Amino acid sequence: MKIDHMDDQPIILVAGKFDGLHRGHQQLIQQAKSYVTSGDQLAVWDLSDEQPVITSLDDKLRILEGLGTDRYYYSDVQVQKLHCKRIVIEEDMEQVLANHCDPHHLPVTILPHTTLNHERIHAADIQAFVQKGQMEAAQAHLGRPFQTTGTVVRGDALGRQLGFPTLNLGGIEEYAEPKPGVYLGIVEVHGETPAYYYTLISAGYRPTVNGQTFKVEAYLMNFSGDLYGEKVTVSYLRHMRDEENFDGINVLVEQMKQDERDARAILGMPVI
Ligand SMILES: Cc1cc2nc3c(=O)[nH]c(=O)nc-3n(C[C@H](O)[C@H](O)[C@H](O)COP(=O)(O)O)c2cc1C
Ligand SMILES: Nc1ncnc2c1ncn2[C@@H]1O[C@H](COP(=O)(O)OP(=O)(O)OP(=O)(O)O)[C@@H](O)[C@H]1O
């Protein structure tokens, strides 16, 4: 997929605020594809301004590529310099479009809002679901789990001593913060051949060990090895419990063992 690419090849341009790149956006892009004829390129023009984000730019580009998008443009692109055959937008976007270019000189197709169970999908609702730990609802609206992609950084090496090595996820500051707690999820370790592991995620402030800042850590079930520096995507499937301030490390470790048993029971794995 080409980014901000300028040439005179004909394009069908889907313009929108692709905050979260949720199910509604995915359907809009699918519909816009029907206007693409031989020799045209399918281009996405993203007028998104969300902060914090549900879906990072990096994640977005990967998903758009999977949807068959040929090109991606940022909000400051000069549309008049492109060979734009048609602009496809959702209703309500007319004004936003008019702020960025003169739509009178272009054929514009306005499609009705795409919905889930007859309701419009809003990025703000998805953000609220994440902040409340309602990951199943977030997933239903996103069309995929809430995911954060980052790099494995070093922590205080306490996890290994506790019997629960946890990778620390760095570079995730731009994302919405999930409700502090323990989640069942999946970690994708990128690399030449991506690998996936069921995971217990701890997202929060770690009051038991006097943690100060919000951190995301992941204990991969059925894994041992070195992941420092790896790019990983953490997918949140379901909230298991709230974060607690335990009376000492031993109580915390007993609860972590229980968390693993609970996770295995949910997944139908043998409980150890
Ligand atoms: C499954 C799991 C559950 C956790 N639950 C809690 C918790 O309820 N309260 C808490 O303070 N810390 C919790 N933690 C975070 C631990 O305190 C942390 O992983 C451990 O102290 C190692 O932290 P470090 O990054 O400082 O080495 C949990 C971690 C895991 C992996
Ligand atoms: N099952 C596993 N799940 C997560 N990480 C693992 C696992 N097995 C080995 N590791 C490796 O061990 C590291 C975590 O070990 P450990 O928790 O002791 O140290 P740390 O990086 O200081 O993290 P923390 O501060 O959370 O304790 C991970 O970054 C990863 O490279």
# chains A, B, ... in the order shown; residues from 1 in each chain; ligands from 1
>>> closest_atom_pairs(of="chain A", to="ligand 2", cutoff="7 Å", atoms="only C-alpha atoms and all ligand atoms", output="CSV")
residue,atom,partner,partner_atom_place_in_ligand_line,distance
A:Val152,CA,ligand 2,29 (O),5.9
A:Val153,CA,ligand 2,21 (O),6.5
A:Arg154,CA,ligand 2,21 (O),4.0
A:Gly155,CA,ligand 2,25 (O),3.1
A:Asp156,CA,ligand 2,22 (O),3.9
A:Ala157,CA,ligand 2,22 (O),2.8
A:Leu158,CA,ligand 2,27 (O),3.9
A:Gly159,CA,ligand 2,27 (O),3.3
A:Arg160,CA,ligand 2,18 (O),3.4
A:Gln161,CA,ligand 2,18 (O),6.3
A:Phe164,CA,ligand 2,17 (O),6.5
A:Pro165,CA,ligand 2,17 (O),3.6
A:Thr166,CA,ligand 2,4 (C),4.0
A:Leu167,CA,ligand 2,29 (O),3.7
A:Asn168,CA,ligand 2,26 (O),5.5
A:Glu217,CA,ligand 2,26 (O),6.1
A:Ala218,CA,ligand 2,4 (C),5.8
A:Tyr219,CA,ligand 2,3 (N),3.9
A:Leu220,CA,ligand 2,3 (N),3.8
A:Met221,CA,ligand 2,1 (N),5.5
A:Asn222,CA,ligand 2,1 (N),6.4
A:Phe223,CA,ligand 2,1 (N),4.4
A:Ser224,CA,ligand 2,8 (N),3.7
A:Gly225,CA,ligand 2,9 (C),4.5
A:Asp226,CA,ligand 2,31 (O),3.7
A:Leu227,CA,ligand 2,31 (O),3.5
A:Tyr228,CA,ligand 2,31 (O),4.7
>>> write_last_selection(atoms="C-alpha atoms", output="CSV table (one decimal), in the first residue's frame")
chain,number,residue,atom,x,y,z
A,152,VAL,CA,9.0,-5.5,24.6
A,153,VAL,CA,11.0,-3.4,27.1
A,154,ARG,CA,12.9,-4.4,30.2
A,155,GLY,CA,11.1,-4.1,33.6
A,156,ASP,CA,12.5,-4.7,37.1
A,157,ALA,CA,12.9,-8.5,36.5
A,158,LEU,CA,10.6,-9.2,39.5
A,159,GLY,CA,8.2,-11.2,37.4
A,160,ARG,CA,10.6,-14.1,36.9
A,161,GLN,CA,11.2,-14.3,40.6
A,164,PHE,CA,5.4,-15.3,36.3
A,165,PRO,CA,7.7,-13.7,33.8
A,166,THR,CA,5.8,-10.9,32.2
A,167,LEU,CA,6.8,-9.0,29.1
A,168,ASN,CA,6.5,-5.2,29.5
A,217,GLU,CA,2.4,-6.6,31.2
A,218,ALA,CA,1.7,-10.0,29.6
A,219,TYR,CA,2.3,-13.5,30.9
A,220,LEU,CA,2.3,-15.8,28.0
A,221,MET,CA,0.9,-19.3,28.8
A,222,ASN,CA,2.9,-22.1,27.1
A,223,PHE,CA,5.9,-19.9,26.2
A,224,SER,CA,9.5,-19.6,27.4
A,225,GLY,CA,12.2,-17.7,25.7
A,226,ASP,CA,13.6,-14.2,25.2
A,227,LEU,CA,11.3,-11.5,23.8
A,228,TYR,CA,13.2,-8.3,24.5
>>> residues_near_ligand(ligand="ligand 1", cutoff="10 Å", atoms="only C-alpha atoms and all ligand atoms", output="ChimeraX atom specification")
/A:154-168,180-184,199-211,215-220,240-249,251-260,263
>>> closest_residue(among="A:Ile3, A:Ala123, A:Leu82, A:Ile87", to="A:Asp49", atoms="only C-alpha atoms")
A:Ala123
>>> select_by_dssp(residues="stretch 63-267 of chain A", states="strand (DSSP E)", output="mmCIF file with N, CA and C atoms, in the first residue's frame")
data_model
loop_
_atom_site.group_PDB
_atom_site.id
_atom_site.type_symbol
_atom_site.label_atom_id
_atom_site.label_comp_id
_atom_site.auth_asym_id
_atom_site.auth_seq_id
_atom_site.Cartn_x
_atom_site.Cartn_y
_atom_site.Cartn_z
ATOM 1 N N ARG A 71 -3.978 2.807 -1.564
ATOM 2 C CA ARG A 71 -3.298 4.037 -1.146
ATOM 3 C C ARG A 71 -3.922 4.612 0.115
ATOM 4 N N TYR A 72 -3.096 5.343 0.866
ATOM 5 C CA TYR A 72 -3.570 5.975 2.110
ATOM 6 C C TYR A 72 -3.103 7.425 2.113
ATOM 7 N N TYR A 73 -4.035 8.351 2.372
ATOM 8 C CA TYR A 73 -3.705 9.778 2.432
ATOM 9 C C TYR A 73 -4.089 10.361 3.788
ATOM 10 N N CYS A 84 -8.730 12.086 -9.191
ATOM 11 C CA CYS A 84 -9.781 11.496 -8.383
ATOM 12 C C CYS A 84 -11.042 11.338 -9.236
ATOM 13 N N LYS A 85 -11.447 10.091 -9.490
ATOM 14 C CA LYS A 85 -12.642 9.865 -10.324
ATOM 15 C C LYS A 85 -13.922 10.052 -9.518
ATOM 16 N N ARG A 86 -13.842 9.738 -8.248
ATOM 17 C CA ARG A 86 -15.028 9.802 -7.388
ATOM 18 C C ARG A 86 -14.599 9.834 -5.930
ATOM 19 N N ILE A 87 -15.365 10.610 -5.146
ATOM 20 C CA ILE A 87 -15.155 10.574 -3.698
ATOM 21 C C ILE A 87 -16.355 9.879 -3.069
ATOM 22 N N VAL A 88 -16.087 8.941 -2.204
ATOM 23 C CA VAL A 88 -17.158 8.227 -1.513
ATOM 24 C C VAL A 88 -17.091 8.609 -0.033
ATOM 25 N N ILE A 89 -18.228 9.089 0.488
ATOM 26 C CA ILE A 89 -18.275 9.472 1.905
ATOM 27 C C ILE A 89 -19.558 8.938 2.543
ATOM 28 N N GLU A 90 -19.579 8.986 3.864
ATOM 29 C CA GLU A 90 -20.815 8.679 4.594
ATOM 30 C C GLU A 90 -21.605 9.962 4.745
ATOM 31 N N VAL A 108 -19.399 13.082 -6.134
ATOM 32 C CA VAL A 108 -19.371 12.614 -4.749
ATOM 33 C C VAL A 108 -20.517 11.621 -4.545
ATOM 34 N N THR A 109 -20.213 10.480 -3.972
ATOM 35 C CA THR A 109 -21.245 9.512 -3.623
ATOM 36 C C THR A 109 -21.415 9.524 -2.115
ATOM 37 N N ILE A 110 -22.658 9.752 -1.671
ATOM 38 C CA ILE A 110 -22.912 9.790 -0.230
ATOM 39 C C ILE A 110 -23.675 8.522 0.150
ATOM 40 N N LEU A 111 -23.062 7.724 0.991
ATOM 41 C CA LEU A 111 -23.679 6.458 1.403
ATOM 42 C C LEU A 111 -24.297 6.617 2.794
ATOM 43 N N THR A 115 -24.185 0.256 9.950
ATOM 44 C CA THR A 115 -24.672 0.042 11.320
ATOM 45 C C THR A 115 -24.339 -1.357 11.835
ATOM 46 N N LEU A 116 -24.509 -1.514 13.154
ATOM 47 C CA LEU A 116 -24.433 -2.832 13.792
ATOM 48 C C LEU A 116 -25.731 -2.967 14.574
ATOM 49 N N GLU A 119 -27.787 0.140 14.803
ATOM 50 C CA GLU A 119 -27.239 1.308 15.517
ATOM 51 C C GLU A 119 -25.965 1.751 14.820
ATOM 52 N N ARG A 120 -25.772 3.070 14.801
ATOM 53 C CA ARG A 120 -24.532 3.594 14.245
ATOM 54 C C ARG A 120 -23.367 3.267 15.181
ATOM 55 N N PHE A 146 -9.857 -5.223 20.786
ATOM 56 C CA PHE A 146 -9.038 -4.044 21.064
ATOM 57 C C PHE A 146 -7.594 -4.530 21.159
ATOM 58 N N GLN A 147 -6.704 -3.873 20.433
ATOM 59 C CA GLN A 147 -5.308 -4.318 20.347
ATOM 60 C C GLN A 147 -4.358 -3.156 20.558
ATOM 61 N N THR A 148 -3.238 -3.444 21.227
ATOM 62 C CA THR A 148 -2.185 -2.441 21.311
ATOM 63 C C THR A 148 -0.882 -3.082 20.846
ATOM 64 N N THR A 149 -0.198 -2.374 19.971
ATOM 65 C CA THR A 149 1.058 -2.891 19.443
ATOM 66 C C THR A 149 2.209 -2.075 20.015
ATOM 67 N N GLY A 150 3.229 -2.758 20.511
ATOM 68 C CA GLY A 150 4.387 -2.067 21.075
ATOM 69 C C GLY A 150 5.623 -2.947 21.004
ATOM 70 N N THR A 151 6.617 -2.544 21.762
ATOM 71 C CA THR A 151 7.882 -3.269 21.778
ATOM 72 C C THR A 151 8.123 -3.789 23.191
ATOM 73 N N VAL A 152 8.714 -4.968 23.292
ATOM 74 C CA VAL A 152 9.004 -5.539 24.617
ATOM 75 C C VAL A 152 10.208 -4.819 25.220
ATOM 76 N N VAL A 153 9.961 -4.184 26.378
ATOM 77 C CA VAL A 153 11.036 -3.446 27.052
ATOM 78 C C VAL A 153 11.369 -4.139 28.384
ATOM 79 N N LEU A 167 6.161 -9.943 29.997
ATOM 80 C CA LEU A 167 6.772 -8.965 29.094
ATOM 81 C C LEU A 167 6.150 -7.607 29.371
ATOM 82 N N ASN A 168 6.965 -6.577 29.335
ATOM 83 C CA ASN A 168 6.483 -5.198 29.524
ATOM 84 C C ASN A 168 6.348 -4.560 28.151
ATOM 85 N N LEU A 169 5.188 -3.970 27.909
ATOM 86 C CA LEU A 169 4.921 -3.407 26.585
ATOM 87 C C LEU A 169 5.273 -1.923 26.574
ATOM 88 N N GLY A 170 6.237 -1.555 25.730
ATOM 89 C CA GLY A 170 6.647 -0.152 25.615
ATOM 90 C C GLY A 170 6.077 0.493 24.365
ATOM 91 N N GLY A 181 -6.851 -3.897 35.475
ATOM 92 C CA GLY A 181 -7.342 -5.223 35.797
ATOM 93 C C GLY A 181 -6.575 -6.305 35.091
ATOM 94 N N VAL A 182 -7.090 -7.521 35.246
ATOM 95 C CA VAL A 182 -6.476 -8.681 34.597
ATOM 96 C C VAL A 182 -7.405 -9.136 33.478
ATOM 97 N N TYR A 183 -6.829 -9.372 32.320
ATOM 98 C CA TYR A 183 -7.592 -9.729 31.128
ATOM 99 C C TYR A 183 -7.056 -11.023 30.532
ATOM 100 N N LEU A 184 -7.957 -11.739 29.888
ATOM 101 C CA LEU A 184 -7.531 -12.858 29.059
ATOM 102 C C LEU A 184 -7.315 -12.307 27.654
ATOM 103 N N GLY A 185 -6.205 -12.686 27.038
ATOM 104 C CA GLY A 185 -5.937 -12.139 25.710
ATOM 105 C C GLY A 185 -5.037 -13.024 24.893
ATOM 106 N N ILE A 186 -4.570 -12.462 23.804
ATOM 107 C CA ILE A 186 -3.657 -13.163 22.901
ATOM 108 C C ILE A 186 -2.521 -12.212 22.568
ATOM 109 N N VAL A 187 -1.302 -12.736 22.595
ATOM 110 C CA VAL A 187 -0.157 -11.933 22.153
ATOM 111 C C VAL A 187 0.340 -12.472 20.827
ATOM 112 N N GLU A 188 0.467 -11.571 19.877
ATOM 113 C CA GLU A 188 1.108 -11.926 18.607
ATOM 114 C C GLU A 188 2.541 -11.432 18.667
ATOM 115 N N VAL A 189 3.477 -12.340 18.481
ATOM 116 C CA VAL A 189 4.874 -11.941 18.351
ATOM 117 C C VAL A 189 5.126 -11.830 16.850
ATOM 118 N N ALA A 195 3.784 -15.514 15.606
ATOM 119 C CA ALA A 195 3.356 -16.588 16.512
ATOM 120 C C ALA A 195 2.355 -15.997 17.501
ATOM 121 N N TYR A 196 1.400 -16.817 17.939
ATOM 122 C CA TYR A 196 0.302 -16.346 18.795
ATOM 123 C C TYR A 196 0.254 -17.171 20.072
ATOM 124 N N TYR A 197 0.052 -16.492 21.206
ATOM 125 C CA TYR A 197 0.018 -17.184 22.499
ATOM 126 C C TYR A 197 -1.150 -16.677 23.334
ATOM 127 N N TYR A 198 -1.860 -17.615 23.952
ATOM 128 C CA TYR A 198 -2.840 -17.203 24.962
ATOM 129 C C TYR A 198 -2.090 -16.562 26.119
ATOM 130 N N THR A 199 -2.705 -15.540 26.700
ATOM 131 C CA THR A 199 -1.969 -14.656 27.587
ATOM 132 C C THR A 199 -2.847 -14.124 28.708
ATOM 133 N N LEU A 200 -2.226 -13.958 29.882
ATOM 134 C CA LEU A 200 -2.867 -13.180 30.942
ATOM 135 C C LEU A 200 -2.269 -11.781 30.871
ATOM 136 N N ILE A 201 -3.140 -10.790 30.748
ATOM 137 C CA ILE A 201 -2.663 -9.412 30.659
ATOM 138 C C ILE A 201 -2.924 -8.733 32.000
ATOM 139 N N SER A 202 -1.911 -8.033 32.512
ATOM 140 C CA SER A 202 -2.119 -7.171 33.672
ATOM 141 C C SER A 202 -1.957 -5.735 33.183
ATOM 142 N N ALA A 203 -3.042 -4.980 33.250
ATOM 143 C CA ALA A 203 -3.000 -3.574 32.829
ATOM 144 C C ALA A 203 -3.334 -2.743 34.054
ATOM 145 N N GLY A 204 -2.431 -1.855 34.456
ATOM 146 C CA GLY A 204 -2.766 -1.042 35.619
ATOM 147 C C GLY A 204 -1.560 -0.455 36.322
ATOM 148 N N LYS A 215 0.935 0.540 33.428
ATOM 149 C CA LYS A 215 1.772 -0.382 32.645
ATOM 150 C C LYS A 215 0.943 -1.534 32.118
ATOM 151 N N VAL A 216 1.340 -2.031 30.976
ATOM 152 C CA VAL A 216 0.725 -3.248 30.451
ATOM 153 C C VAL A 216 1.795 -4.336 30.437
ATOM 154 N N GLU A 217 1.478 -5.439 31.114
ATOM 155 C CA GLU A 217 2.384 -6.581 31.152
ATOM 156 C C GLU A 217 1.625 -7.812 30.677
ATOM 157 N N ALA A 218 2.338 -8.774 30.114
ATOM 158 C CA ALA A 218 1.663 -9.977 29.639
ATOM 159 C C ALA A 218 2.452 -11.218 30.008
ATOM 160 N N TYR A 219 1.757 -12.168 30.627
ATOM 161 C CA TYR A 219 2.337 -13.481 30.927
ATOM 162 C C TYR A 219 1.803 -14.453 29.885
ATOM 163 N N LEU A 220 2.695 -14.927 29.036
ATOM 164 C CA LEU A 220 2.290 -15.823 27.956
ATOM 165 C C LEU A 220 2.224 -17.249 28.489
ATOM 166 N N LYS A 231 8.603 -6.832 18.463
ATOM 167 C CA LYS A 231 7.341 -6.116 18.261
ATOM 168 C C LYS A 231 6.208 -7.090 18.552
ATOM 169 N N VAL A 232 5.298 -6.694 19.436
ATOM 170 C CA VAL A 232 4.183 -7.587 19.781
ATOM 171 C C VAL A 232 2.856 -6.824 19.756
ATOM 172 N N THR A 233 1.809 -7.562 19.437
ATOM 173 C CA THR A 233 0.452 -7.008 19.516
ATOM 174 C C THR A 233 -0.300 -7.761 20.609
ATOM 175 N N VAL A 234 -0.833 -6.997 21.568
ATOM 176 C CA VAL A 234 -1.612 -7.576 22.657
ATOM 177 C C VAL A 234 -3.092 -7.368 22.339
ATOM 178 N N SER A 235 -3.835 -8.452 22.232
ATOM 179 C CA SER A 235 -5.281 -8.379 21.976
ATOM 180 C C SER A 235 -6.036 -8.706 23.258
ATOM 181 N N TYR A 236 -6.986 -7.847 23.616
ATOM 182 C CA TYR A 236 -7.785 -8.033 24.837
ATOM 183 C C TYR A 236 -9.080 -8.758 24.486
ATOM 184 N N LEU A 237 -9.270 -9.947 25.077
ATOM 185 C CA LEU A 237 -10.494 -10.697 24.781
ATOM 186 C C LEU A 237 -11.561 -10.500 25.857
ATOM 187 N N ARG A 238 -11.174 -10.645 27.118
ATOM 188 C CA ARG A 238 -12.194 -10.424 28.161
ATOM 189 C C ARG A 238 -11.561 -10.049 29.513
ATOM 190 N N HIS A 239 -12.322 -9.231 30.238
ATOM 191 C CA HIS A 239 -11.911 -8.787 31.562
ATOM 192 C C HIS A 239 -12.126 -9.946 32.526
ATOM 193 N N MET A 240 -11.096 -10.269 33.331
ATOM 194 C CA MET A 240 -11.258 -11.368 34.284
ATOM 195 C C MET A 240 -11.513 -10.868 35.697
ATOM 196 N N ARG A 241 -10.791 -9.837 36.102
ATOM 197 C CA ARG A 241 -11.029 -9.261 37.436
ATOM 198 C C ARG A 241 -10.390 -7.882 37.505
ATOM 199 N N ASP A 242 -10.797 -7.107 38.526
ATOM 200 C CA ASP A 242 -10.191 -5.788 38.734
ATOM 201 C C ASP A 242 -8.811 -5.942 39.354
#
>>> closest_residue(among="A:Ile54, A:Ile63, A:Ala15, A:Val36", to="A:Val96", atoms="only C-alpha atoms")
A:Ala15
>>> select_by_dssp(residues="stretch 91-234 of chain A", states="helix (DSSP H, G or I)", output="NGL selection string")
:A and (94-100 or 103-105 or 123-131 or 135-142 or 158-162 or 207-209)
>>> atom_distance(atom1="atom CA of A:Val44", atom2="atom CA of A:Val14")
4.9 Å
>>> closest_residue(among="A:Pro270, A:Lys33, A:Leu13, A:Met1", to="A:Leu64", atoms="only C-alpha atoms")
A:Met1
>>> residues_around(residues="A:Asp8", least_positions_apart="2", cutoff="12 Å", atoms="only C-alpha atoms", output="PDB file with C-alpha atoms, in the first residue's frame")
ATOM      1  CA  HIS A   5       1.579   8.895  -3.204  1.00  0.00           C
ATOM      2  CA  MET A   6       1.020  11.522  -5.933  1.00  0.00           C
ATOM      3  CA  PRO A  10      -7.268   7.233 -11.471  1.00  0.00           C
ATOM      4  CA  ILE A  11      -8.445   6.660  -7.911  1.00  0.00           C
ATOM      5  CA  GLY A  39      -7.221   0.402 -13.762  1.00  0.00           C
ATOM      6  CA  ASP A  40      -8.520   2.334 -10.744  1.00  0.00           C
ATOM      7  CA  GLN A  41      -6.814   2.397  -7.375  1.00  0.00           C
ATOM      8  CA  VAL A  79      -6.927  16.361  -3.445  1.00  0.00           C
ATOM      9  CA  GLN A  80      -6.995  18.600  -6.524  1.00  0.00           C
ATOM     10  CA  LYS A  81      -3.555  17.260  -7.438  1.00  0.00           C
ATOM     11  CA  LEU A  82      -4.858  13.703  -7.618  1.00  0.00           C
ATOM     12  CA  HIS A  83      -6.718  12.097 -10.497  1.00  0.00           C
ATOM     13  CA  CYS A  84      -9.781  11.496  -8.383  1.00  0.00           C
ATOM     14  CA  LYS A  85     -12.642   9.865 -10.324  1.00  0.00           C
TER      15      LYS A  85
END
>>> residues_around(residues="A:Arg23", least_positions_apart="6", cutoff="12 Å", atoms="only C-alpha atoms", output="compact mmCIF listing (two decimals) with C-alpha atoms, in the first residue's frame")
# COMPACT_ATOMS: atom_id res chain seq x y z
CA ILE A 29 -14.57 0.73 2.39
CA GLN A 30 -16.10 -2.54 1.16
CA ILE A 63 -5.82 -3.57 8.39
CA LEU A 67 -9.14 -4.74 3.05
CA HIS A 113 -24.31 5.18 7.75
CA THR A 114 -23.24 1.60 8.18
CA THR A 115 -24.67 0.04 11.32
CA LEU A 116 -24.43 -2.83 13.79
CA ASN A 117 -27.83 -4.16 14.92
CA GLU A 119 -27.24 1.31 15.52
CA ARG A 120 -24.53 3.59 14.25
CA ILE A 121 -21.05 2.64 15.43
CA HIS A 122 -19.15 5.40 17.22
CA ALA A 123 -15.43 5.42 17.96
CA ILE A 126 -15.60 1.91 21.67
CA ALA A 138 -15.41 -3.25 22.08
CA GLN A 139 -14.73 -6.27 19.89
CA ALA A 140 -18.29 -6.42 18.56
CA HIS A 141 -18.07 -2.78 17.43
CA LEU A 142 -14.50 -2.93 16.16
CA GLY A 143 -14.83 -6.19 14.25
CA ARG A 144 -11.63 -7.37 15.97
CA PRO A 145 -10.37 -7.26 19.56
>>> closest_residue(among="A:Gly16, A:Gly268, A:Pro52, A:Pro178", to="A:Phe129", atoms="only C-alpha atoms")
A:Pro178
>>> atom_distance(atom1="atom CA of A:Tyr74", atom2="atom CA of A:Lys17")
10.4 Å
>>> decode(residues="stretch 24-44 of chain A", atoms="N, CA and C atoms", output="PDB file, in the first residue's frame")
ATOM      1  N   GLY A  24     -17.985  -0.145  11.069  1.00  0.00           N
ATOM      2  CA  GLY A  24     -18.681   0.764  10.155  1.00  0.00           C
ATOM      3  C   GLY A  24     -17.752   1.239   9.060  1.00  0.00           C
ATOM      4  N   HIS A  25     -16.529   1.614   9.437  1.00  0.00           N
ATOM      5  CA  HIS A  25     -15.541   2.056   8.445  1.00  0.00           C
ATOM      6  C   HIS A  25     -15.190   0.927   7.478  1.00  0.00           C
ATOM      7  N   GLN A  26     -15.074  -0.273   8.040  1.00  0.00           N
ATOM      8  CA  GLN A  26     -14.701  -1.411   7.185  1.00  0.00           C
ATOM      9  C   GLN A  26     -15.783  -1.655   6.136  1.00  0.00           C
ATOM     10  N   GLN A  27     -17.055  -1.527   6.567  1.00  0.00           N
ATOM     11  CA  GLN A  27     -18.158  -1.732   5.621  1.00  0.00           C
ATOM     12  C   GLN A  27     -18.173  -0.635   4.561  1.00  0.00           C
ATOM     13  N   LEU A  28     -17.878   0.601   4.976  1.00  0.00           N
ATOM     14  CA  LEU A  28     -17.852   1.711   4.020  1.00  0.00           C
ATOM     15  C   LEU A  28     -16.799   1.455   2.929  1.00  0.00           C
ATOM     16  N   ILE A  29     -15.650   0.999   3.354  1.00  0.00           N
ATOM     17  CA  ILE A  29     -14.572   0.732   2.393  1.00  0.00           C
ATOM     18  C   ILE A  29     -14.973  -0.406   1.449  1.00  0.00           C
ATOM     19  N   GLN A  30     -15.629  -1.427   2.014  1.00  0.00           N
ATOM     20  CA  GLN A  30     -16.099  -2.539   1.162  1.00  0.00           C
ATOM     21  C   GLN A  30     -17.085  -2.026   0.114  1.00  0.00           C
ATOM     22  N   GLN A  31     -18.007  -1.140   0.539  1.00  0.00           N
ATOM     23  CA  GLN A  31     -19.008  -0.612  -0.397  1.00  0.00           C
ATOM     24  C   GLN A  31     -18.347   0.229  -1.478  1.00  0.00           C
ATOM     25  N   ALA A  32     -17.353   1.014  -1.065  1.00  0.00           N
ATOM     26  CA  ALA A  32     -16.678   1.898  -2.023  1.00  0.00           C
ATOM     27  C   ALA A  32     -15.973   1.091  -3.109  1.00  0.00           C
ATOM     28  N   LYS A  33     -15.604  -0.130  -2.766  1.00  0.00           N
ATOM     29  CA  LYS A  33     -14.915  -0.995  -3.731  1.00  0.00           C
ATOM     30  C   LYS A  33     -15.749  -1.228  -4.983  1.00  0.00           C
ATOM     31  N   SER A  34     -17.085  -1.166  -4.845  1.00  0.00           N
ATOM     32  CA  SER A  34     -17.945  -1.454  -6.000  1.00  0.00           C
ATOM     33  C   SER A  34     -17.814  -0.376  -7.070  1.00  0.00           C
ATOM     34  N   TYR A  35     -17.235   0.775  -6.734  1.00  0.00           N
ATOM     35  CA  TYR A  35     -17.037   1.848  -7.724  1.00  0.00           C
ATOM     36  C   TYR A  35     -15.703   1.704  -8.447  1.00  0.00           C
ATOM     37  N   VAL A  36     -14.886   0.782  -7.975  1.00  0.00           N
ATOM     38  CA  VAL A  36     -13.557   0.607  -8.585  1.00  0.00           C
ATOM     39  C   VAL A  36     -13.697  -0.238  -9.841  1.00  0.00           C
ATOM     40  N   THR A  37     -13.253   0.312 -10.963  1.00  0.00           N
ATOM     41  CA  THR A  37     -13.231  -0.488 -12.185  1.00  0.00           C
ATOM     42  C   THR A  37     -11.777  -0.691 -12.593  1.00  0.00           C
ATOM     43  N   SER A  38     -11.588  -1.496 -13.607  1.00  0.00           N
ATOM     44  CA  SER A  38     -10.235  -1.886 -14.000  1.00  0.00           C
ATOM     45  C   SER A  38      -9.332  -0.665 -14.200  1.00  0.00           C
ATOM     46  N   GLY A  39      -8.185  -0.694 -13.623  1.00  0.00           N
ATOM     47  CA  GLY A  39      -7.221   0.402 -13.762  1.00  0.00           C
ATOM     48  C   GLY A  39      -7.311   1.437 -12.657  1.00  0.00           C
ATOM     49  N   ASP A  40      -8.390   1.384 -11.857  1.00  0.00           N
ATOM     50  CA  ASP A  40      -8.520   2.334 -10.744  1.00  0.00           C
ATOM     51  C   ASP A  40      -7.782   1.815  -9.508  1.00  0.00           C
ATOM     52  N   GLN A  41      -7.402   2.746  -8.664  1.00  0.00           N
ATOM     53  CA  GLN A  41      -6.814   2.397  -7.375  1.00  0.00           C
ATOM     54  C   GLN A  41      -7.815   2.771  -6.289  1.00  0.00           C
ATOM     55  N   LEU A  42      -7.922   1.928  -5.263  1.00  0.00           N
ATOM     56  CA  LEU A  42      -8.779   2.252  -4.127  1.00  0.00           C
ATOM     57  C   LEU A  42      -7.942   3.001  -3.092  1.00  0.00           C
ATOM     58  N   ALA A  43      -8.357   4.249  -2.806  1.00  0.00           N
ATOM     59  CA  ALA A  43      -7.582   5.083  -1.890  1.00  0.00           C
ATOM     60  C   ALA A  43      -8.423   5.483  -0.687  1.00  0.00           C
ATOM     61  N   VAL A  44      -7.784   5.536   0.472  1.00  0.00           N
ATOM     62  CA  VAL A  44      -8.449   5.971   1.704  1.00  0.00           C
ATOM     63  C   VAL A  44      -7.856   7.310   2.121  1.00  0.00           C
TER      64      VAL A  44
END
